[in-house]
Amino acid sequence: MVTSCVNCLKSMVTMLHFLCWLCAAFVVAFGEFMMMKSKFMSLVTTFWPIYPANTLVVTGTICTCVCYLGVVGGLKENRCMLITFYTMMFFLMGVELAMACVFFIYNREIDTYFERDLLQSLESYRTSGPGVNQTLKDEFDAVQHVFRCCGVHGEADWKGNVPISCCILDPCTTEHRPNWEEGCLDKLRDWFASNYLSTGAGVVSMFILQFLCLCITLPLFCCLSRRRLGYQ
């Protein structure tokens, strides 16, 4: 009876941990995809560590390593691996909760830093000579072209030195170029908000799965410890 119970728990632990590992690997892959497709990171330097793609890659990588420990510990009935997995996963979930609280409490401060970074990036673009800060220039041009906007609050931010990426026409060959009137700040805010929404949904799903892994790991560890089964 005890052996069958242990085998059942072992199977459940292994399957859940493997599912968590697969989800974490997918999160890492999705984060890498976002990093390749979203070329706006140099424009918002203050909170680059919590950029959606960075958050997904870091969280997913850590979770992948921890879940691998849980899978091997479940298969080998290794109590040391299981309790290490439990401790590390509990700590990881605490960090995820803390990050969620920071976003919720300091939402307005983050928004202020976001606007300040964009204004600093625009000023660096405007005052830089040819070939200087080329990465920043390319990314700002990409933002204005993709989001159909000009400057941070509007065309006036460029103080007469308006880049061709603000032009409404494509290709823009006229001498007196018609430019987009709307600034990029609000459009980038909406874009970041949608990215954080998808990131948040993924983190919440991972959090639920991690909680289930914790709930099923502890009974297996206790069962192995009481019966002195499994490697220590």
# chains A, B, ... in the order shown; residues from 1 in each chain; ligands from 1

$ residues_around --residues "range 200-213 of chain A" --least-positions-apart "4" --cutoff "8 Å" --atoms "only C-alpha atoms" --output "NGL selection string"
:A and (13 or 16-17 or 20 or 23-24 or 27 or 89 or 93 or 96 or 196 or 217)

$ closest_atom_pairs --of "range 73-174 of chain A" --to "range 60-64 of chain A" --cutoff "12 Å" --atoms "only C-alpha atoms" --output "CSV"
residue,atom,partner,partner_atom,distance
A:Phe85,CA,A:Cys63,CA,10.1
A:Tyr86,CA,A:Cys63,CA,11.9
A:Met88,CA,A:Cys63,CA,9.2
A:Met89,CA,A:Cys63,CA,7.7
A:Phe90,CA,A:Cys63,CA,11.1
A:Phe91,CA,A:Cys63,CA,10.9
A:Leu92,CA,A:Cys63,CA,7.8
A:Met93,CA,A:Cys63,CA,9.8
A:Val95,CA,A:Ile62,CA,11.5
A:Glu96,CA,A:Cys63,CA,11.2

$ write_last_selection --atoms "all heavy atoms" --output "PDB file, in the first residue's frame"
ATOM      1  N   PHE A  85      14.747  21.432  -4.556  1.00  0.00           N
ATOM      2  CA  PHE A  85      13.766  21.964  -5.504  1.00  0.00           C
ATOM      3  C   PHE A  85      12.689  22.755  -4.776  1.00  0.00           C
ATOM      4  O   PHE A  85      12.327  23.865  -5.193  1.00  0.00           O
ATOM      5  CB  PHE A  85      13.118  20.811  -6.288  1.00  0.00           C
ATOM      6  CG  PHE A  85      11.848  21.201  -6.984  1.00  0.00           C
ATOM      7  CD1 PHE A  85      11.883  21.838  -8.217  1.00  0.00           C
ATOM      8  CD2 PHE A  85      10.615  20.949  -6.401  1.00  0.00           C
ATOM      9  CE1 PHE A  85      10.705  22.214  -8.852  1.00  0.00           C
ATOM     10  CE2 PHE A  85       9.435  21.323  -7.020  1.00  0.00           C
ATOM     11  CZ  PHE A  85       9.480  21.954  -8.256  1.00  0.00           C
ATOM     12  N   TYR A  86      12.182  22.198  -3.694  1.00  0.00           N
ATOM     13  CA  TYR A  86      11.108  22.859  -2.937  1.00  0.00           C
ATOM     14  C   TYR A  86      11.570  24.228  -2.418  1.00  0.00           C
ATOM     15  O   TYR A  86      10.856  25.228  -2.552  1.00  0.00           O
ATOM     16  CB  TYR A  86      10.685  21.962  -1.769  1.00  0.00           C
ATOM     17  CG  TYR A  86       9.494  22.476  -0.999  1.00  0.00           C
ATOM     18  CD1 TYR A  86       8.201  22.093  -1.361  1.00  0.00           C
ATOM     19  CD2 TYR A  86       9.655  23.342   0.072  1.00  0.00           C
ATOM     20  CE1 TYR A  86       7.099  22.565  -0.661  1.00  0.00           C
ATOM     21  CE2 TYR A  86       8.558  23.830   0.769  1.00  0.00           C
ATOM     22  CZ  TYR A  86       7.282  23.431   0.407  1.00  0.00           C
ATOM     23  OH  TYR A  86       6.192  23.922   1.094  1.00  0.00           O
ATOM     24  N   MET A  88      14.128  26.157  -3.474  1.00  0.00           N
ATOM     25  CA  MET A  88      14.426  27.112  -4.546  1.00  0.00           C
ATOM     26  C   MET A  88      13.159  27.602  -5.225  1.00  0.00           C
ATOM     27  O   MET A  88      13.034  28.784  -5.567  1.00  0.00           O
ATOM     28  CB  MET A  88      15.377  26.470  -5.564  1.00  0.00           C
ATOM     29  CG  MET A  88      16.747  26.151  -5.012  1.00  0.00           C
ATOM     30  SD  MET A  88      17.860  25.407  -6.235  1.00  0.00           S
ATOM     31  CE  MET A  88      18.122  26.789  -7.336  1.00  0.00           C
ATOM     32  N   MET A  89      12.195  26.701  -5.424  1.00  0.00           N
ATOM     33  CA  MET A  89      10.939  27.099  -6.055  1.00  0.00           C
ATOM     34  C   MET A  89      10.140  28.031  -5.153  1.00  0.00           C
ATOM     35  O   MET A  89       9.521  28.996  -5.632  1.00  0.00           O
ATOM     36  CB  MET A  89      10.110  25.850  -6.394  1.00  0.00           C
ATOM     37  CG  MET A  89       8.831  26.149  -7.180  1.00  0.00           C
ATOM     38  SD  MET A  89       9.148  26.950  -8.772  1.00  0.00           S
ATOM     39  CE  MET A  89       9.818  25.584  -9.720  1.00  0.00           C
ATOM     40  N   PHE A  90      10.176  27.766  -3.856  1.00  0.00           N
ATOM     41  CA  PHE A  90       9.491  28.650  -2.900  1.00  0.00           C
ATOM     42  C   PHE A  90      10.105  30.053  -2.944  1.00  0.00           C
ATOM     43  O   PHE A  90       9.388  31.066  -2.944  1.00  0.00           O
ATOM     44  CB  PHE A  90       9.594  28.067  -1.495  1.00  0.00           C
ATOM     45  CG  PHE A  90       8.794  28.815  -0.468  1.00  0.00           C
ATOM     46  CD1 PHE A  90       7.436  28.566  -0.312  1.00  0.00           C
ATOM     47  CD2 PHE A  90       9.400  29.768   0.334  1.00  0.00           C
ATOM     48  CE1 PHE A  90       6.691  29.261   0.633  1.00  0.00           C
ATOM     49  CE2 PHE A  90       8.666  30.470   1.285  1.00  0.00           C
ATOM     50  CZ  PHE A  90       7.305  30.218   1.438  1.00  0.00           C
ATOM     51  N   PHE A  91      11.427  30.111  -3.023  1.00  0.00           N
ATOM     52  CA  PHE A  91      12.120  31.407  -3.102  1.00  0.00           C
ATOM     53  C   PHE A  91      11.786  32.112  -4.415  1.00  0.00           C
ATOM     54  O   PHE A  91      11.546  33.327  -4.439  1.00  0.00           O
ATOM     55  CB  PHE A  91      13.628  31.189  -2.977  1.00  0.00           C
ATOM     56  CG  PHE A  91      14.440  32.440  -3.133  1.00  0.00           C
ATOM     57  CD1 PHE A  91      14.513  33.365  -2.111  1.00  0.00           C
ATOM     58  CD2 PHE A  91      15.128  32.690  -4.313  1.00  0.00           C
ATOM     59  CE1 PHE A  91      15.262  34.533  -2.246  1.00  0.00           C
ATOM     60  CE2 PHE A  91      15.877  33.850  -4.469  1.00  0.00           C
ATOM     61  CZ  PHE A  91      15.937  34.769  -3.426  1.00  0.00           C
ATOM     62  N   LEU A  92      11.763  31.362  -5.519  1.00  0.00           N
ATOM     63  CA  LEU A  92      11.448  31.935  -6.832  1.00  0.00           C
ATOM     64  C   LEU A  92      10.038  32.516  -6.851  1.00  0.00           C
ATOM     65  O   LEU A  92       9.810  33.606  -7.399  1.00  0.00           O
ATOM     66  CB  LEU A  92      11.600  30.867  -7.917  1.00  0.00           C
ATOM     67  CG  LEU A  92      11.285  31.300  -9.358  1.00  0.00           C
ATOM     68  CD1 LEU A  92      12.218  32.426  -9.791  1.00  0.00           C
ATOM     69  CD2 LEU A  92      11.406  30.118 -10.313  1.00  0.00           C
ATOM     70  N   MET A  93       9.090  31.809  -6.258  1.00  0.00           N
ATOM     71  CA  MET A  93       7.718  32.309  -6.195  1.00  0.00           C
ATOM     72  C   MET A  93       7.636  33.577  -5.348  1.00  0.00           C
ATOM     73  O   MET A  93       6.866  34.497  -5.660  1.00  0.00           O
ATOM     74  CB  MET A  93       6.799  31.225  -5.632  1.00  0.00           C
ATOM     75  CG  MET A  93       6.615  30.046  -6.563  1.00  0.00           C
ATOM     76  SD  MET A  93       5.661  28.700  -5.810  1.00  0.00           S
ATOM     77  CE  MET A  93       4.056  29.478  -5.625  1.00  0.00           C
ATOM     78  N   VAL A  95      10.028  35.817  -5.113  1.00  0.00           N
ATOM     79  CA  VAL A  95      10.570  36.890  -5.956  1.00  0.00           C
ATOM     80  C   VAL A  95       9.528  37.349  -6.968  1.00  0.00           C
ATOM     81  O   VAL A  95       9.373  38.557  -7.223  1.00  0.00           O
ATOM     82  CB  VAL A  95      11.843  36.405  -6.675  1.00  0.00           C
ATOM     83  CG1 VAL A  95      12.312  37.428  -7.702  1.00  0.00           C
ATOM     84  CG2 VAL A  95      12.950  36.132  -5.667  1.00  0.00           C
ATOM     85  N   GLU A  96       8.796  36.407  -7.559  1.00  0.00           N
ATOM     86  CA  GLU A  96       7.748  36.761  -8.522  1.00  0.00           C
ATOM     87  C   GLU A  96       6.661  37.607  -7.868  1.00  0.00           C
ATOM     88  O   GLU A  96       6.182  38.589  -8.459  1.00  0.00           O
ATOM     89  CB  GLU A  96       7.149  35.487  -9.122  1.00  0.00           C
ATOM     90  CG  GLU A  96       8.111  34.731 -10.025  1.00  0.00           C
ATOM     91  CD  GLU A  96       7.575  33.372 -10.428  1.00  0.00           C
ATOM     92  OE1 GLU A  96       6.471  33.002  -9.956  1.00  0.00           O
ATOM     93  OE2 GLU A  96       8.246  32.673 -11.208  1.00  0.00           O
TER      94      GLU A  96
END

$ closest_residue --among "A:Lys10, A:Arg189, A:Lys137, A:His145" --to "Leu82 in chain A" --atoms "only C-alpha atoms"
A:Lys10

$ closest_residue --among "A:Asp186, A:Ser121, A:Val146, A:Trp191" --to "Asp170 in chain A" --atoms "only C-alpha atoms"
A:Val146

$ select_by_dssp --residues "range 21-224 of chain A" --states "alpha helix (DSSP H)" --output "VMD selection string"
chain A and resid 21 to 37 52 to 76 79 to 105 107 to 127 134 to 147 184 to 224

$ atom_distance --atom1 "CA of Glu182 in chain A" --atom2 "CA of Val152 in chain A"
8.5 Å

$ closest_residue --among "A:Ala156, A:Leu43, A:Val57, A:Leu214" --to "Asp141 in chain A" --atoms "only C-alpha atoms"
A:Leu43

$ residues_around --residues "Leu118 in chain A" --least-positions-apart "3" --cutoff "10 Å" --atoms "only C-alpha atoms" --output "PDB file with C-alpha atoms, in the first residue's frame"
ATOM      1  CA  SER A  42      18.070  51.278 -25.835  1.00  0.00           C
ATOM      2  CA  LEU A  43      15.372  53.969 -25.637  1.00  0.00           C
ATOM      3  CA  VAL A  44      14.259  53.048 -22.100  1.00  0.00           C
ATOM      4  CA  THR A  45      17.440  52.387 -20.117  1.00  0.00           C
ATOM      5  CA  TYR A 113      11.000  57.205 -15.766  1.00  0.00           C
ATOM      6  CA  PHE A 114       9.662  55.921 -19.081  1.00  0.00           C
ATOM      7  CA  GLU A 115       8.886  59.469 -20.309  1.00  0.00           C
ATOM      8  CA  SER A 121      17.031  59.425 -26.052  1.00  0.00           C
ATOM      9  CA  LEU A 122      15.469  62.044 -28.340  1.00  0.00           C
ATOM     10  CA  GLU A 123      17.901  64.714 -27.114  1.00  0.00           C
ATOM     11  CA  SER A 124      20.866  62.383 -27.697  1.00  0.00           C
ATOM     12  CA  PHE A 140      14.072  55.732 -32.574  1.00  0.00           C
ATOM     13  CA  GLY A 151       8.933  62.814 -31.205  1.00  0.00           C
ATOM     14  CA  VAL A 152       7.904  62.099 -27.630  1.00  0.00           C
ATOM     15  CA  HIS A 153       4.982  64.499 -27.320  1.00  0.00           C
ATOM     16  CA  CYS A 184       5.275  58.360 -29.551  1.00  0.00           C
ATOM     17  CA  LEU A 185       4.912  58.416 -25.752  1.00  0.00           C
ATOM     18  CA  LEU A 188       4.759  53.198 -26.669  1.00  0.00           C
TER      19      LEU A 188
END

$ atom_distance --atom1 "CA of Thr173 in chain A" --atom2 "CA of Thr135 in chain A"
24.2 Å

$ atom_distance --atom1 "CA of Cys222 in chain A" --atom2 "CA of Arg79 in chain A"
9.0 Å
